[in-house]
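Visitor: Pasting upload-v8.cif below, which is mmCIF, C-alpha atoms.
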```cif
data_model
loop_
_atom_site.label_atom_id
_atom_site.label_comp_id
_atom_site.auth_asym_id
_atom_site.auth_seq_id
_atom_site.Cartn_x
_atom_site.Cartn_y
_atom_site.Cartn_z
CA MET A 1 -10.31 -6.36 -15.22
CA VAL A 2 -9.52 -3.83 -12.52
CA ASP A 3 -10.42 -0.23 -13.21
CA LYS A 4 -7.23 1.74 -12.46
CA ASN A 5 -9.15 5.01 -12.21
CA GLN A 6 -11.49 3.55 -9.57
CA GLU A 7 -8.53 2.10 -7.66
CA LYS A 8 -6.81 5.50 -7.73
CA GLN A 9 -9.98 7.23 -6.47
CA ASN A 10 -10.34 4.71 -3.62
CA LEU A 11 -6.78 5.33 -2.51
CA GLU A 12 -7.19 9.10 -2.79
CA ARG A 13 -10.21 8.90 -0.46
CA ILE A 14 -8.20 6.90 2.08
CA TYR A 15 -5.41 9.50 2.00
CA GLU A 16 -7.83 12.44 2.21
CA ASN A 17 -9.55 10.93 5.27
CA GLY A 18 -6.35 9.61 6.87
CA SER A 19 -8.58 6.85 8.14
CA ALA A 20 -6.57 3.63 8.08
CA SER A 21 -3.63 1.74 6.78
CA THR A 22 -4.19 0.03 3.47
CA VAL A 23 -3.74 -3.67 2.76
CA PHE A 24 -3.13 -4.86 -0.78
CA HIS A 25 -3.64 -7.99 -2.85
CA ARG A 26 -0.45 -9.79 -3.76
CA ASN A 27 1.50 -8.08 -6.52
CA GLU A 28 3.31 -10.89 -8.31
CA LYS A 29 6.15 -8.53 -9.26
CA TYR A 30 7.13 -8.03 -5.63
CA CYS A 31 5.42 -10.64 -3.42
CA THR A 32 8.06 -13.28 -4.02
CA GLY A 33 11.15 -14.47 -2.18
CA LYS A 34 11.23 -13.07 1.34
CA PHE A 35 7.94 -11.22 0.73
CA ALA A 36 6.09 -14.30 -0.64
CA ASN A 37 3.96 -15.00 2.44
CA MET A 38 3.77 -11.49 3.83
CA ILE A 39 1.01 -8.88 3.92
CA ALA A 40 1.62 -5.84 1.70
CA PHE A 41 0.32 -2.55 3.11
CA ILE A 42 0.84 1.18 3.55
CA SER A 43 1.16 2.13 7.21
CA ILE A 44 -1.23 4.54 8.92
CA ASN A 45 1.63 6.97 9.52
CA ASP A 46 2.61 6.89 5.84
CA VAL A 47 -1.00 7.55 4.84
CA MET A 48 -1.16 10.54 7.19
CA ASP A 49 2.16 11.85 5.79
CA TYR A 50 1.08 11.30 2.15
CA LYS A 51 3.88 8.79 1.56
CA TYR A 52 3.33 5.99 -0.94
CA ILE A 53 5.43 3.22 0.60
CA ILE A 54 4.43 -0.42 0.29
CA ARG A 55 5.67 -2.35 3.32
CA ALA A 56 5.60 -6.01 4.36
CA SER A 57 4.44 -7.64 7.56
CA ASN A 58 3.74 -11.16 8.83
CA SER A 59 0.84 -9.84 10.88
CA ILE A 60 -2.34 -8.02 9.90
CA ASP A 61 -2.33 -6.48 13.39
CA ILE A 62 1.01 -4.78 12.75
CA ALA A 63 -0.05 -3.78 9.24
CA GLN A 64 -3.06 -1.98 10.73
CA SER A 65 -1.22 -0.41 13.68
CA TYR A 66 0.97 2.63 14.16
CA ALA A 67 3.96 0.26 14.38
CA GLY A 68 3.62 -0.51 10.68
CA ASP A 69 5.94 2.26 9.57
CA ARG A 70 8.87 0.31 11.05
CA MET A 71 8.31 -2.68 8.75
CA GLU A 72 10.48 -3.50 5.77
CA ILE A 73 9.85 -1.58 2.53
CA ILE A 74 8.86 -3.52 -0.57
CA LYS A 75 8.61 -0.51 -2.91
CA GLU A 76 8.26 3.28 -2.65
CA TYR A 77 6.39 5.50 -5.12
CA SER A 78 6.11 9.20 -5.78
CA SER A 79 2.35 9.13 -6.42
CA ILE A 80 -0.81 7.06 -6.09
CA GLU A 81 -1.03 6.85 -9.86
CA GLU A 82 2.47 5.35 -10.08
CA LEU A 83 1.57 2.80 -7.37
CA VAL A 84 -1.66 1.78 -9.14
CA ASN A 85 0.04 1.60 -12.54
CA ASP A 86 2.60 -0.80 -11.05
CA GLY A 87 -0.16 -3.29 -10.28
CA TRP A 88 -1.07 -2.76 -6.61
CA ARG A 89 -4.77 -3.28 -5.77
CA LEU A 90 -6.55 -2.78 -2.46
CA ASP A 91 -7.62 -5.94 -0.72
#
```
Rewrite the structure from the file as structure tokens, please.
Guide:
Amino acid sequence: MVDKNQEKQNLERIYENGSASTVFHRNEKYCTGKFANMIAFISINDVMDYKYIIRASNSIDIAQSYAGDRMEIIKEYSSIEELVNDGWRLD
């Protein structure tokens, strides 16, 4: 069982440090259809701007680069808590 509070704290640390983009485990609610074989992530630029936008990429290199904020949006949230409560978990 994943501890949602711990997951939230981990994401808060990433946002506070603005250190890197985040890559997530598959969320079965959203990683289907055209997103089935893609990498779910939050771009570095979105982290630095405190945006909670899950995007999709075919490449880990793009997911971890500044180009990531041009990738297709899977889902957008208003808070880290909302994102975590919807089932997203850091990889």
Visitor: Taking (0.7, -9.5, 3.7) in the file's coordinates, which residues come within 10 Å, counting all atoms listed in the file, written as a PyMOL selection string?
Guide: chain A and resi 23-26+31+35-41+55-60+63
Visitor: Just how far from atom CA of A:Asp3 is atom CA of A:Asp46, in Å to one decimal?
Guide: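 Those two atoms sit 24.2 Å apart.
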Visitor: Identify, on the basis of all atoms listed in the file, every residue whose closest approach to A:Asp86 does not exceed 10 Å; exclude the query and any residue fewer than 6 positions from it along the same chain; express the result as a PDB file with C-alpha atoms, in the frame of the given file.
Guide:
```
ATOM      1  CA  ASN A  27       1.500  -8.080  -6.520  1.00  0.00           C
ATOM      2  CA  LYS A  29       6.150  -8.530  -9.260  1.00  0.00           C
ATOM      3  CA  TYR A  77       6.390   5.500  -5.120  1.00  0.00           C
ATOM      4  CA  ILE A  80      -0.810   7.060  -6.090  1.00  0.00           C
TER       5      ILE A  80
END
```
Visitor: Could you state the separation of atom CA of A:Glu82 and atom CA of A:Ile53 in Å, given to one decimal place?
Guide: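 Separation of atom CA of A:Glu82 and atom CA of A:Ile53: 11.3 Å.
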Visitor: Between A:Asp69, A:Glu16, A:Asp61, A:Glu28, which has the minimum distance to A:Ile42 (counting only C-alpha atoms)?
Guide: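 Once distances to A:Ile42 are computed over only C-alpha atoms, the minimum belongs to A:Asp69.
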Visitor: Using atom CA of A:Ser19 and atom CA of A:Val84 as the two end points, give the distance in Å to one decimal.
Guide: 19.3 Å
